[in-house]
file run_9.cif (mmCIF, C-alpha atoms)
data_structure
loop_
_atom_site.label_atom_id
_atom_site.label_comp_id
_atom_site.auth_asym_id
_atom_site.auth_seq_id
_atom_site.Cartn_x
_atom_site.Cartn_y
_atom_site.Cartn_z
CA MET A 1 91.56 108.36 110.46
CA ILE A 2 94.59 106.79 108.76
CA ASN A 3 97.43 105.88 111.12
CA VAL A 4 100.84 105.79 109.44
CA LEU A 5 104.51 105.02 109.97
CA VAL A 6 107.19 107.15 108.27
CA ALA A 7 110.66 105.58 107.95
CA ASP A 8 113.76 107.26 106.49
CA ASP A 9 117.39 107.24 107.60
CA GLU A 10 117.54 111.02 107.08
CA LEU A 11 115.76 112.71 109.98
CA PRO A 12 114.91 115.92 108.02
CA ALA A 13 113.15 113.73 105.43
CA VAL A 14 111.16 112.02 108.21
CA GLU A 15 110.10 115.35 109.66
CA GLU A 16 109.19 116.84 106.28
CA LEU A 17 106.98 113.90 105.33
CA ALA A 18 105.41 113.78 108.80
CA PHE A 19 104.67 117.51 108.55
CA LEU A 20 103.01 117.16 105.14
CA LEU A 21 100.97 114.17 106.27
CA GLY A 22 99.94 116.00 109.43
CA ARG A 23 98.32 118.70 107.31
CA ASP A 24 95.91 116.15 105.84
CA ASP A 25 92.70 115.80 107.88
CA ARG A 26 92.46 112.14 106.91
CA VAL A 27 95.71 111.25 108.70
CA GLY A 28 95.72 110.44 112.41
CA THR A 29 98.69 109.09 114.38
CA ILE A 30 102.10 109.42 112.70
CA HIS A 31 104.87 107.13 113.95
CA ARG A 32 108.45 108.09 113.04
CA ALA A 33 111.50 105.86 112.46
CA SER A 34 115.00 106.96 111.42
CA SER A 35 116.20 103.48 110.41
CA GLY A 36 114.83 100.25 109.02
CA SER A 37 115.46 98.37 112.26
CA GLU A 38 113.62 101.04 114.26
CA ALA A 39 110.72 100.77 111.83
CA LEU A 40 110.53 97.01 112.42
CA ARG A 41 110.54 97.55 116.20
CA ILE A 42 107.63 99.97 115.88
CA LEU A 43 105.77 97.56 113.60
CA ALA A 44 106.23 94.80 116.19
CA THR A 45 104.10 96.73 118.69
CA THR A 46 101.79 98.83 116.54
CA SER A 47 99.53 98.22 113.54
CA PRO A 48 99.52 101.30 111.30
CA ASP A 49 97.21 101.39 108.31
CA ALA A 50 100.03 102.47 105.98
CA VAL A 51 103.82 102.75 105.98
CA PHE A 52 105.84 105.32 104.03
CA LEU A 53 109.29 103.79 103.44
CA ASP A 54 112.52 105.15 102.07
CA ILE A 55 114.06 102.42 99.93
CA HIS A 56 117.78 102.95 100.57
CA MET A 57 118.28 102.67 104.33
CA PRO A 58 121.42 101.01 105.78
CA ALA A 59 121.19 97.41 107.03
CA VAL A 60 117.41 97.10 106.68
CA SER A 61 116.05 98.71 103.52
CA GLY A 62 112.51 99.75 102.73
CA LEU A 63 112.21 96.76 100.41
CA ASP A 64 113.30 94.47 103.28
CA ILE A 65 110.58 95.94 105.50
CA ALA A 66 107.96 95.52 102.79
CA ARG A 67 108.91 91.85 102.34
CA ALA A 68 108.76 91.28 106.10
CA ILE A 69 105.33 92.80 106.61
CA SER A 70 103.90 91.14 103.49
CA ARG A 71 103.85 87.88 105.46
CA ARG A 72 101.39 89.30 107.98
CA ALA A 73 97.76 88.24 107.89
CA LYS A 74 96.75 91.87 107.42
CA PRO A 75 99.79 93.91 106.33
CA PRO A 76 99.70 97.71 106.24
CA LEU A 77 99.57 99.42 102.87
CA VAL A 78 103.04 100.31 101.57
CA VAL A 79 104.18 103.53 99.92
CA PHE A 80 107.80 103.96 98.86
CA VAL A 81 109.33 107.43 99.04
CA THR A 82 112.71 107.67 97.32
CA ALA A 83 114.96 109.67 95.03
CA ASP A 84 115.67 106.51 93.01
CA GLU A 85 113.45 105.43 90.10
CA ASP A 86 115.34 102.19 89.45
CA CYS A 87 113.46 100.12 92.04
CA ALA A 88 109.95 100.99 90.84
CA LEU A 89 109.23 97.62 89.25
CA GLU A 90 110.39 95.66 92.31
CA ALA A 91 108.39 97.99 94.53
CA PHE A 92 105.16 97.30 92.69
CA GLU A 93 105.88 93.58 92.63
CA LEU A 94 105.67 93.92 96.42
CA ALA A 95 102.15 95.37 95.95
CA ALA A 96 103.14 98.93 96.82
CA VAL A 97 100.24 101.36 96.75
CA ASP A 98 102.44 104.11 95.37
CA TYR A 99 105.99 105.14 94.56
CA LEU A 100 106.73 108.80 95.35
CA LEU A 101 109.87 110.49 94.12
CA LYS A 102 111.83 113.03 96.15
CA PRO A 103 111.60 115.96 96.38
CA LEU A 104 108.01 115.38 97.43
CA ARG A 105 105.18 117.32 95.90
CA ALA A 106 102.25 118.07 98.19
CA GLU A 107 99.73 117.33 95.40
CA SER A 108 101.22 113.88 94.79
CA LEU A 109 101.11 113.07 98.49
CA THR A 110 97.48 114.18 98.71
CA ARG A 111 96.57 111.83 95.85
CA THR A 112 98.41 109.00 97.57
CA VAL A 113 96.56 109.54 100.85
CA GLY A 114 93.31 109.54 98.89
CA ARG A 115 94.29 106.25 97.27
CA ILE A 116 95.09 104.77 100.70
CA ALA A 117 91.73 105.95 102.09
CA GLU A 118 89.90 104.37 99.16
CA LEU A 119 91.75 101.06 99.53
CA LEU A 120 91.09 100.94 103.27
CA ARG A 121 87.38 101.46 102.60
CA ASP A 122 87.46 98.65 100.02
CA GLY A 123 89.42 96.38 102.35
CA GLY A 124 92.51 95.62 100.29
CA ALA A 125 95.31 96.69 97.98
CA PRO A 126 95.04 95.22 94.47
CA ALA A 127 98.23 95.12 92.45
CA ALA A 128 98.70 98.26 90.41
CA GLU A 129 98.68 97.97 86.63
CA MET A 130 102.03 99.39 85.58
CA ILE A 131 103.02 100.97 82.26
CA THR A 132 106.64 101.16 81.07
CA VAL A 133 107.43 104.48 79.39
CA ASP A 134 110.55 106.29 78.16
CA GLN A 135 111.28 109.92 78.92
CA GLY A 136 114.50 111.75 78.17
CA GLY A 137 116.46 108.54 77.74
CA THR A 138 115.18 107.13 81.05
CA THR A 139 112.80 104.19 81.37
CA ARG A 140 110.11 104.76 83.99
CA MET A 141 107.20 102.86 85.46
CA ILE A 142 103.90 104.71 85.87
CA ARG A 143 100.52 103.56 87.16
CA ARG A 144 97.80 103.15 84.56
CA ASP A 145 95.22 104.66 86.92
CA ASP A 146 97.32 107.87 87.00
CA ILE A 147 96.71 108.33 83.25
CA MET A 148 93.95 110.89 82.78
CA TYR A 149 93.61 110.87 79.02
CA VAL A 150 95.44 109.69 75.92
CA GLN A 151 96.00 111.66 72.74
CA ALA A 152 96.75 110.10 69.35
CA GLN A 153 99.89 111.27 67.58
CA GLY A 154 100.15 109.26 64.39
CA ASP A 155 101.22 105.70 65.19
CA TYR A 156 102.05 106.86 68.72
CA ALA A 157 99.94 107.82 71.71
CA ARG A 158 100.69 110.45 74.35
CA LEU A 159 99.72 109.45 77.89
CA HIS A 160 98.78 112.44 80.03
CA THR A 161 99.10 112.30 83.84
CA ALA A 162 98.77 115.11 86.36
CA GLU A 163 102.54 115.61 86.41
CA ALA A 164 103.83 114.81 82.92
CA SER A 165 103.07 113.25 79.54
CA TYR A 166 104.73 110.25 77.91
CA LEU A 167 104.89 109.14 74.29
CA VAL A 168 104.45 105.41 73.61
CA ARG A 169 104.59 103.60 70.28
CA VAL A 170 101.09 102.13 70.45
CA PRO A 171 98.15 103.22 68.25
CA LEU A 172 95.19 104.73 70.09
CA ALA A 173 92.86 102.04 68.71
CA ASP A 174 94.95 99.34 70.40
CA LEU A 175 94.83 101.12 73.76
CA GLU A 176 91.08 101.57 73.37
CA GLN A 177 90.64 97.79 73.14
CA GLN A 178 93.19 96.92 75.83
CA TRP A 179 91.97 99.46 78.40
CA ALA A 180 88.20 99.34 77.92
CA ASP A 181 87.69 97.29 81.09
CA ALA A 182 89.79 99.80 83.05
CA GLY A 183 87.30 102.62 82.48
CA PHE A 184 88.83 104.28 79.41
CA ILE A 185 86.40 105.47 76.75
CA ARG A 186 86.92 106.86 73.24
CA THR A 187 85.47 110.35 72.92
CA HIS A 188 87.05 111.34 69.61
CA ARG A 189 89.20 109.77 66.91
CA SER A 190 92.19 111.40 68.62
CA TYR A 191 91.29 110.99 72.31
CA LEU A 192 90.80 108.27 74.90
CA VAL A 193 89.61 109.42 78.35
CA ALA A 194 89.68 107.79 81.81
CA LEU A 195 86.16 108.34 83.11
CA LYS A 196 87.33 108.38 86.75
CA HIS A 197 89.34 111.56 86.05
CA VAL A 198 86.54 113.46 84.28
CA THR A 199 85.48 116.50 86.32
CA GLN A 200 82.97 118.12 83.96
CA ILE A 201 80.96 117.19 80.89
CA ARG A 202 79.28 119.43 78.36
CA LEU A 203 76.98 117.64 75.94
CA SER A 204 75.54 120.57 74.02
CA ALA A 205 75.42 120.26 70.26
CA ASP A 206 77.77 123.21 69.73
CA GLY A 207 81.00 121.49 70.72
CA PRO A 208 80.46 118.78 73.33
CA HIS A 209 83.51 118.02 75.47
CA VAL A 210 84.73 116.60 78.77
CA THR A 211 87.10 118.33 81.16
CA VAL A 212 90.02 116.26 82.41
CA ALA A 213 92.84 117.77 84.50
CA GLY A 214 91.70 121.23 83.43
CA ALA A 215 91.91 120.34 79.73
CA GLY A 216 88.90 120.27 77.42
CA VAL A 217 88.78 117.02 75.45
CA PRO A 218 86.37 117.02 72.49
CA ILE A 219 83.54 114.56 71.98
CA SER A 220 82.88 113.82 68.32
CA ARG A 221 79.39 113.34 66.88
CA ARG A 222 80.27 109.70 66.16
CA HIS A 223 81.24 108.95 69.78
CA LEU A 224 78.60 111.10 71.50
CA PRO A 225 75.98 108.27 71.81
CA THR A 226 78.51 105.97 73.48
CA VAL A 227 79.58 108.71 75.90
CA ARG A 228 75.93 109.43 76.77
CA GLU A 229 75.32 105.71 77.37
CA ARG A 230 78.32 105.40 79.70
CA LEU A 231 77.23 108.48 81.63
CA GLU A 232 73.70 107.15 82.08
CA ALA A 233 75.15 103.93 83.49
CA THR A 234 76.82 105.92 86.28
CA ARG A 235 73.81 108.12 87.14
CA VAL A 236 72.44 107.80 90.66
CA ARG A 237 68.77 106.79 90.64
CA PRO A 238 66.15 106.27 93.36
CA GLN A 239 65.48 102.69 94.42
CA PRO A 240 62.38 101.23 92.69
#

call {"tool": "encode", "arguments": {"input": "run_9.cif", "output": "structure tokens"}}
result
Amino acid sequence: MINVLVADDELPAVEELAFLLGRDDRVGTIHRASSGSEALRILATTSPDAVFLDIHMPAVSGLDIARAISRRAKPPLVVFVTADEDCALEAFELAAVDYLLKPLRAESLTRTVGRIAELLRDGGAPAAEMITVDQGGTTRMIRRDDIMYVQAQGDYARLHTAEASYLVRVPLADLEQQWADAGFIRTHRSYLVALKHVTQIRLSADGPHVTVAGAGVPISRRHLPTVRERLEATRVRPQP
């Protein structure tokens, strides 16, 4: 079970997040704090696995709390929950596991809890690889591991996540080389897929494809052998 602390200077926001977390079977004890100073007092006597912090709290902000607990020998995992996108880069420089925007979406929170559970099993929180994107005149930071697949659009590439898509001025071939070690594989001249997000694969000769986020992404004849090879490498086999 994952024990957490929720801190926000708006009590309704605390209760909403605590309610949503309480619906997740993976979450155990939920501590609540309605100010940054109260959060620090709780952290002085308890050791939650993860803390969900509002950034803009009076006197002691969520960023202040994250800096304070980062000096611990075994700090809890940090998730920022805020209506402000401007602090995303600083948040991830503090090794935040995630950065959730208000109003909260239950699906996003579920993914975050899953990420926390995975990191706790692995024993640590590696720094997230961040991607800078532009959308509607606003510059945003998104996690690379949230990108499910990439689609070529001329000299540009469209990055597809579960919640939105973003156009970046980078050719697909460049991303293929840069992201190969991160589990991205070329399935077609127009598509790059993150293997971790693939939910189904059809390798029949009459239109092979992979399913990612409910979308069918084609596998070309040229790339089919490479896809088969990568799949065989992940197959579970009996011990010799």

call {"tool": "atom_distance", "arguments": {"input": "run_9.cif", "atom1": "atom CA of His223 of chain A", "atom2": "atom CA of Arg186 of chain A"}}
result
7.0 Å

call {"tool": "closest_residue", "arguments": {"input": "run_9.cif", "among": "A:Ile65, A:Val81, A:Ile116, A:Ala95", "to": "Val14 of chain A", "atoms": "all atoms listed in the file"}}
result
A:Val81

call {"tool": "residues_around", "arguments": {"input": "run_9.cif", "residues": "Arg72 of chain A", "least_positions_apart": "5", "cutoff": "12 Å", "atoms": "all atoms listed in the file", "output": "PyMOL selection string"}}
result
chain A and resi 43-44+47+65-67+77

call {"tool": "residues_around", "arguments": {"input": "run_9.cif", "residues": "Asp54 of chain A", "least_positions_apart": "4", "cutoff": "6 Å", "atoms": "only C-alpha atoms", "output": "MDAnalysis selection string"}}
result
chainID A and resid 8 62 80:82

call {"tool": "resolve_selection", "arguments": {"input": "run_9.cif", "expression": "the PyMOL selection byres ((chain A and resi 191) around 10)", "output": "compact mmCIF listing (two decimals) with C-alpha atoms, in the coordinates of the input"}}
result
# COMPACT_ATOMS: atom_id res chain seq x y z
CA TYR A 149 93.61 110.87 79.02
CA VAL A 150 95.44 109.69 75.92
CA GLN A 151 96.00 111.66 72.74
CA ALA A 152 96.75 110.10 69.35
CA GLN A 153 99.89 111.27 67.58
CA ALA A 157 99.94 107.82 71.71
CA ARG A 158 100.69 110.45 74.35
CA LEU A 172 95.19 104.73 70.09
CA ALA A 173 92.86 102.04 68.71
CA GLU A 176 91.08 101.57 73.37
CA ILE A 185 86.40 105.47 76.75
CA ARG A 186 86.92 106.86 73.24
CA THR A 187 85.47 110.35 72.92
CA HIS A 188 87.05 111.34 69.61
CA ARG A 189 89.20 109.77 66.91
CA SER A 190 92.19 111.40 68.62
CA LEU A 192 90.80 108.27 74.90
CA VAL A 193 89.61 109.42 78.35
CA VAL A 217 88.78 117.02 75.45
CA PRO A 218 86.37 117.02 72.49
CA ILE A 219 83.54 114.56 71.98
CA SER A 220 82.88 113.82 68.32

call {"tool": "residues_near_point", "arguments": {"input": "run_9.cif", "point": "(86.9, 110.8, 88.9)", "cutoff": "12 Å", "atoms": "all atoms listed in the file", "output": "NGL selection string"}}
result
:A and (111 or 114 or 145-149 or 183-184 or 193-201 or 210-213 or 234)

call {"tool": "closest_residue", "arguments": {"input": "run_9.cif", "among": "A:Pro76, A:Ile142, A:Asp174, A:Gly123", "to": "Leu101 of chain A", "atoms": "all atoms listed in the file"}}
result
A:Ile142

call {"tool": "residues_around", "arguments": {"input": "run_9.cif", "residues": "Met130 of chain A", "least_positions_apart": "5", "cutoff": "8 Å", "atoms": "all atoms listed in the file", "output": "PyMOL selection string"}}
result
chain A and resi 141-144

call {"tool": "resolve_selection", "arguments": {"input": "run_9.cif", "expression": "the PyMOL selection byres ((chain A and resi 57) around 8)", "output": "list in words"}}
result
Asp8, Asp9, Ser35, Gly36, Asp54, Ile55, His56, Pro58, Ala59, Val60, Ser61 and Gly62 of chain A

call {"tool": "closest_residue", "arguments": {"input": "run_9.cif", "among": "A:Val51, A:Val168, A:Ala33, A:Ala106", "to": "Pro12 of chain A", "atoms": "only C-alpha atoms"}}
result
A:Ala33

call {"tool": "atom_distance", "arguments": {"input": "run_9.cif", "atom1": "atom CA of Leu159 of chain A", "atom2": "atom CA of Arg140 of chain A"}}
result
12.9 Å

call {"tool": "closest_residue", "arguments": {"input": "run_9.cif", "among": "A:Leu109, A:Tyr156, A:Thr226, A:Tyr166", "to": "Thr138 of chain A", "atoms": "only C-alpha atoms"}}
result
A:Tyr166

call {"tool": "axis_aligned_box", "arguments": {"input": "run_9.cif", "around": "segment 188-194 of chain A", "padding_each_side": "4 Å", "output": "JSON"}}
result
{"center_x": 89.6, "center_y": 109.6, "center_z": 74.4, "size_x": 13.1, "size_y": 11.6, "size_z": 22.9}

call {"tool": "closest_residue", "arguments": {"input": "run_9.cif", "among": "A:Val27, A:Ala7, A:Ile131, A:Leu63", "to": "Ala117 of chain A", "atoms": "all atoms listed in the file"}}
result
A:Val27

call {"tool": "closest_residue", "arguments": {"input": "run_9.cif", "among": "A:Thr110, A:Val97, A:Ser165, A:Ile69", "to": "Gln135 of chain A", "atoms": "only C-alpha atoms"}}
result
A:Ser165

call {"tool": "residues_around", "arguments": {"input": "run_9.cif", "residues": "Gly28 of chain A", "least_positions_apart": "4", "cutoff": "7 Å", "atoms": "all atoms listed in the file", "output": "list in words"}}
result
Met1, Ile2 and Asn3 of chain A

call {"tool": "atom_distance", "arguments": {"input": "run_9.cif", "atom1": "atom CA of Glu107 of chain A", "atom2": "atom CA of Asp24 of chain A"}}
result
11.2 Å
